[in-house]
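Input: a single structure, listed below in C-alpha cells.
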Amino acid sequence: MKAIINGKIILKDRIVEGKVLVYDSVIRGVCDNAPEGAEIIDAKGGYVAPGLIDLHIHGYLGKDVCDGEPESIRTIAEGIVANGVTGFLPTTMTVDMKVIRKALECLRSLKEESKTWNGTAILGCHAEGPFINAKKKGAQDEKYILKPDAAFVKEYADIIKIISLAPEMDEDFAAIREIVADTDVVVSMGHTDADYDTAYKSTVNGVSHATHLFNAMTALAHRNPGVVGAALNSDVTTELIVDTFHVNPALYPIVAKLKGDKLCFITDCLPAGGLPEGQYTLGGTAFVSKGIECRLLDGTIAGSILKMNKGVWNVYTTTDLPLWYCVNCASLNPANAIGMGATKGSLDIGKDADIIITDNEFNVEKTIIGGTVRYEA
C-alpha cells in the first residue's frame, strides 16, 4: 500500500487538501491519514491528479507513429510519460494503406507490452484518415485519400479505438452504420467539408465524436452552421487542440459551456514535440516547427508540439474554468469517449492507479501507471 501526502488532490468535481490518496495497483481511497505501514510519497504541496489521456498524437522526440517501428512507439511513449500522459492513442494519418497497416500491426503487437514498460500505455489507436475529404485535408496527403471502408476498420477493430473520417464521403452513411453495428470503434467526423445537415445526420447514423473541433472542417456561420455547428449542437464528444494557436483561447469557455463533460483536450502532437525548432517530417511530408506553430513548407498549418500537461494549464490560466474541470477534459472525458471510464480517468475507488504529481504550475514531478512509478523528474 502507498499513500500520497501533502498534495492538493484533484477529484472529478473538486480539489481537496489535507487528505491522503491511498493506492496499490488501484485507487483505495482518499483518507484522513495514511494507513499504518504504507509507503509514503510526499507531494510537497503540489497537485495530485489522475493520469492524462491523449486521444490524438502523431509523434514525439523525432519519431512518427507511421514509422510502424516498435522503437519509434517506445520512444514516443517514454517521452510523453514525462508530460503526465498515462494512456494514449498513437495516431496514424492519410498515407499509403500499406504504411497504415504496418503501423496498426506494430501497435497491435506492442499493446500488451506497453502495460508494463517504462512509458505511457497504449490504449488503442486513432486512425485519422485515409477516409477524408481532399477539400479539408490539412496536412494530410491527398493522393492517399480513399472512400470509407468498413471492412478495413473491422479488420483492425481490436486496436483502432477511433476512426476519423469525412461523413459526406460515405454514401448513405453505410460504412459508418456498419462500423458502429459490428465493432466498438468510435466514428469521428474530421477533415470534412460536410454542411450542417449532413454532419448532423451523420451523428444520428453513428458518428459520436468530432476530430479537433474548428480545424479541418466547415466553420460555424450564422446561415451555414457547418460541422462545427453540428458538433456543438449534438451529443458527440469533441476534441480541442489547446495549444492557444489552433483555437483562440476566447473560445475555450464557450465550447466548455456547450459540451460540458463531452469535451476532450488533445495535443495533435507531431514528431517535433520535445525537440528544438527546425524542419521535420510527418508521414514523409516536411514541416517546420517554430515557436508553438507547425506548418508545411507551403504554409499549411499542421499539428502541434503541445505537451498535454501544458494544454491543461493553458486552459486553466486563460479562462475561469476550474482546474478540476480542465483535468477532466484531459483524463475522465477522454476515458469515457473510448469506453474506458470505468477503470481510468479519475481517482475514484477501484480505478487503475494512474496518477500524476505536479508542482503548482502543473509541471509533472512523478507519473504513476497501475501503481508503479514510470517517470520521476
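Lettering and numbering for the C-alpha cells are positional, with chains as A, B, ... in the shown order, residues counted from 1 in each chain, and ligands counted from 1 in the shown order.
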Contact residues around Ile241 (chain A) with only C-alpha atoms at 9 Å, ignoring same-chain residues under 2 positions, as a compact mmCIF listing (two decimals) with C-alpha atoms, in the first residue's frame:
# COMPACT_ATOMS: atom_id res chain seq x y z
CA HIS A 212 -10.02 18.64 -33.46
CA LEU A 213 -13.04 20.95 -33.42
CA ASN A 215 -9.71 22.64 -37.52
CA GLU A 239 -11.63 17.15 -29.35
CA ASP A 243 -2.07 24.97 -27.64
CA THR A 244 -3.57 28.55 -27.83
CA PHE A 245 -2.74 28.65 -31.57
CA HIS A 246 -5.08 26.19 -33.29
CA VAL A 247 -8.08 27.65 -31.45
CA CYS A 264 -11.65 16.24 -24.68
CA PHE A 265 -8.34 18.10 -24.80
CA ILE A 266 -5.81 16.70 -27.27
CA THR A 267 -2.28 17.62 -28.33
CA ASP A 268 -2.28 16.53 -32.01
CA GLY A 303 -0.40 19.67 -35.82
CA SER A 304 1.31 20.93 -32.68
CA LEU A 306 1.94 20.64 -27.30
CA GLY A 311 -2.54 22.09 -22.51
Open item on the list: I'd like to know which residues of region 117-204 of chain A are alpha helix (DSSP H) (by DSSP, run on the backbone); could you write them as a count of residues only?
Closed with: 24
Determine, for each residue of region 62-159 of chain A having at least one atom at most 12 Å from an atom of region 292-295 of chain A, the closest pair of atoms and their separation in Å to one decimal, counting only C-alpha atoms; order by chain and ascending number, as JSON lines.
{"residue": "A:Gly138", "atom": "CA", "partner": "A:Arg295", "partner_atom": "CA", "distance": 10.0}
{"residue": "A:Ala139", "atom": "CA", "partner": "A:Arg295", "partner_atom": "CA", "distance": 8.3}
{"residue": "A:Gln140", "atom": "CA", "partner": "A:Arg295", "partner_atom": "CA", "distance": 11.9}
Kindly export the residues of the current selection with C-alpha atoms, as a PDB file, in the first residue's frame.
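What ended up in result_17.pdb:
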ATOM      1  CA  GLY A 138      -4.970  19.988 -43.924  1.00  0.00           C
ATOM      2  CA  ALA A 139      -1.542  18.396 -43.582  1.00  0.00           C
ATOM      3  CA  GLN A 140      -2.757  15.045 -44.938  1.00  0.00           C
TER       4      GLN A 140
END
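Omitting Lys137 (chain A) and its sequence neighbours fewer than 5 positions away, and counting only C-alpha atoms, the residues within 7 Å are Ile132, Glu142, His191 and Ala216 of chain A.
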Task: Near-Asn33 (chain A) list (12 Å; only C-alpha atoms; drop same-chain fewer than 3 positions) as a count of residues only - done: 16
Select from region 75-178 of chain A every residue with an atom at most 12 Å from any atom of region 344-359 of chain A, then for each give the shortest pair of atoms and their distance in Å to one decimal, using only C-alpha atoms, rows by chain and rising number, as a Markdown table.
| residue | atom | partner | partner_atom | distance |
| --- | --- | --- | --- | --- |
| A:Val81 | CA | A:Ile356 | CA | 9.7 |
| A:Ala82 | CA | A:Ile356 | CA | 9.7 |
| A:Asn83 | CA | A:Ile356 | CA | 9.2 |
| A:Gly84 | CA | A:Ile356 | CA | 5.9 |
| A:Val85 | CA | A:Ile356 | CA | 8.5 |
| A:Thr86 | CA | A:Asp354 | CA | 6.3 |
| A:Gly87 | CA | A:Asp354 | CA | 8.7 |
| A:Phe88 | CA | A:Lys344 | CA | 11.8 |
| A:Lys115 | CA | A:Asp354 | CA | 11.5 |
| A:Thr120 | CA | A:Asp354 | CA | 10.3 |
| A:Ala121 | CA | A:Asp354 | CA | 10.3 |
| A:Leu123 | CA | A:Lys344 | CA | 10.7 |
Open item on the list: From a backbone DSSP assignment, name each residue in region 86-298 of chain A labelled strand (DSSP E), as a PyMOL selection string.
Closed with: chain A and resi 86-92+121-122+125-128+160-165+186-189+207-210+237-241+263-266+278-282+285-290+293-296
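Interatomic distance, CA of Lys12 (chain A) to CA of Trp324 (chain A): 6.1 Å.
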Open item on the list: Taking 4 positions as the minimum chain separation for residues in the same chain, which residues sit within 12 Å of Val204 (chain A) when counting only C-alpha atoms? Answer as an MDAnalysis selection string.
Closed with: chainID A and resid 167 172:173 176:177 180 187 197:200 208:209 230:231 234:236
Can you pull out every residue within 10 Å of Leu146 (chain A), counting only C-alpha atoms, but drop anything in the same chain fewer than 4 positions away, and send it as an mmCIF file with C-alpha atoms, in the first residue's frame?
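Result went into out03.cif, see below:
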data_model
loop_
_atom_site.group_PDB
_atom_site.id
_atom_site.type_symbol
_atom_site.label_atom_id
_atom_site.label_comp_id
_atom_site.auth_asym_id
_atom_site.auth_seq_id
_atom_site.Cartn_x
_atom_site.Cartn_y
_atom_site.Cartn_z
ATOM 1 C CA THR A 94 -3.533 9.642 -44.518
ATOM 2 C CA ASP A 96 -0.227 4.722 -48.219
ATOM 3 C CA MET A 97 -2.503 1.965 -46.891
ATOM 4 C CA GLY A 129 -7.909 9.018 -42.346
ATOM 5 C CA PRO A 130 -7.436 7.915 -45.041
ATOM 6 C CA PHE A 131 -11.227 8.308 -45.452
ATOM 7 C CA ILE A 132 -11.300 12.112 -45.557
ATOM 8 C CA ASN A 133 -12.268 14.949 -47.910
ATOM 9 C CA ALA A 134 -9.480 16.470 -50.002
ATOM 10 C CA GLU A 142 -4.419 13.958 -50.915
ATOM 11 C CA LEU A 165 -13.487 10.208 -41.493
ATOM 12 C CA MET A 169 -17.725 10.738 -48.416
#
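Here CA of Thr91 (chain A) and CA of Ala335 (chain A) stand 16.1 Å from one another.
Distances from A:Ala43, A:Met1, A:Ile57, A:Val312 to Ser25 (chain A) were compared using only C-alpha atoms, and the smallest one belongs to A:Met1.
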- [ ] Mind checking which residues fall within 9 Å of Val327 (chain A), counting only C-alpha atoms, ignoring those fewer than 3 positions away in the same chain, and posting them as a list in words?
- [x] Ile10, Leu11, Lys12, Ala49, Pro50, Leu52, Asn309, Val312, Trp313, Pro322, Leu323, Trp324, Ala330, Ser331 and Leu332 of chain A
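Candidate residues A:Glu69, A:Glu171, A:Asp298, A:Asp24 were compared for distance to Ala103 (chain A), and the nearest is A:Glu69, using only C-alpha atoms.
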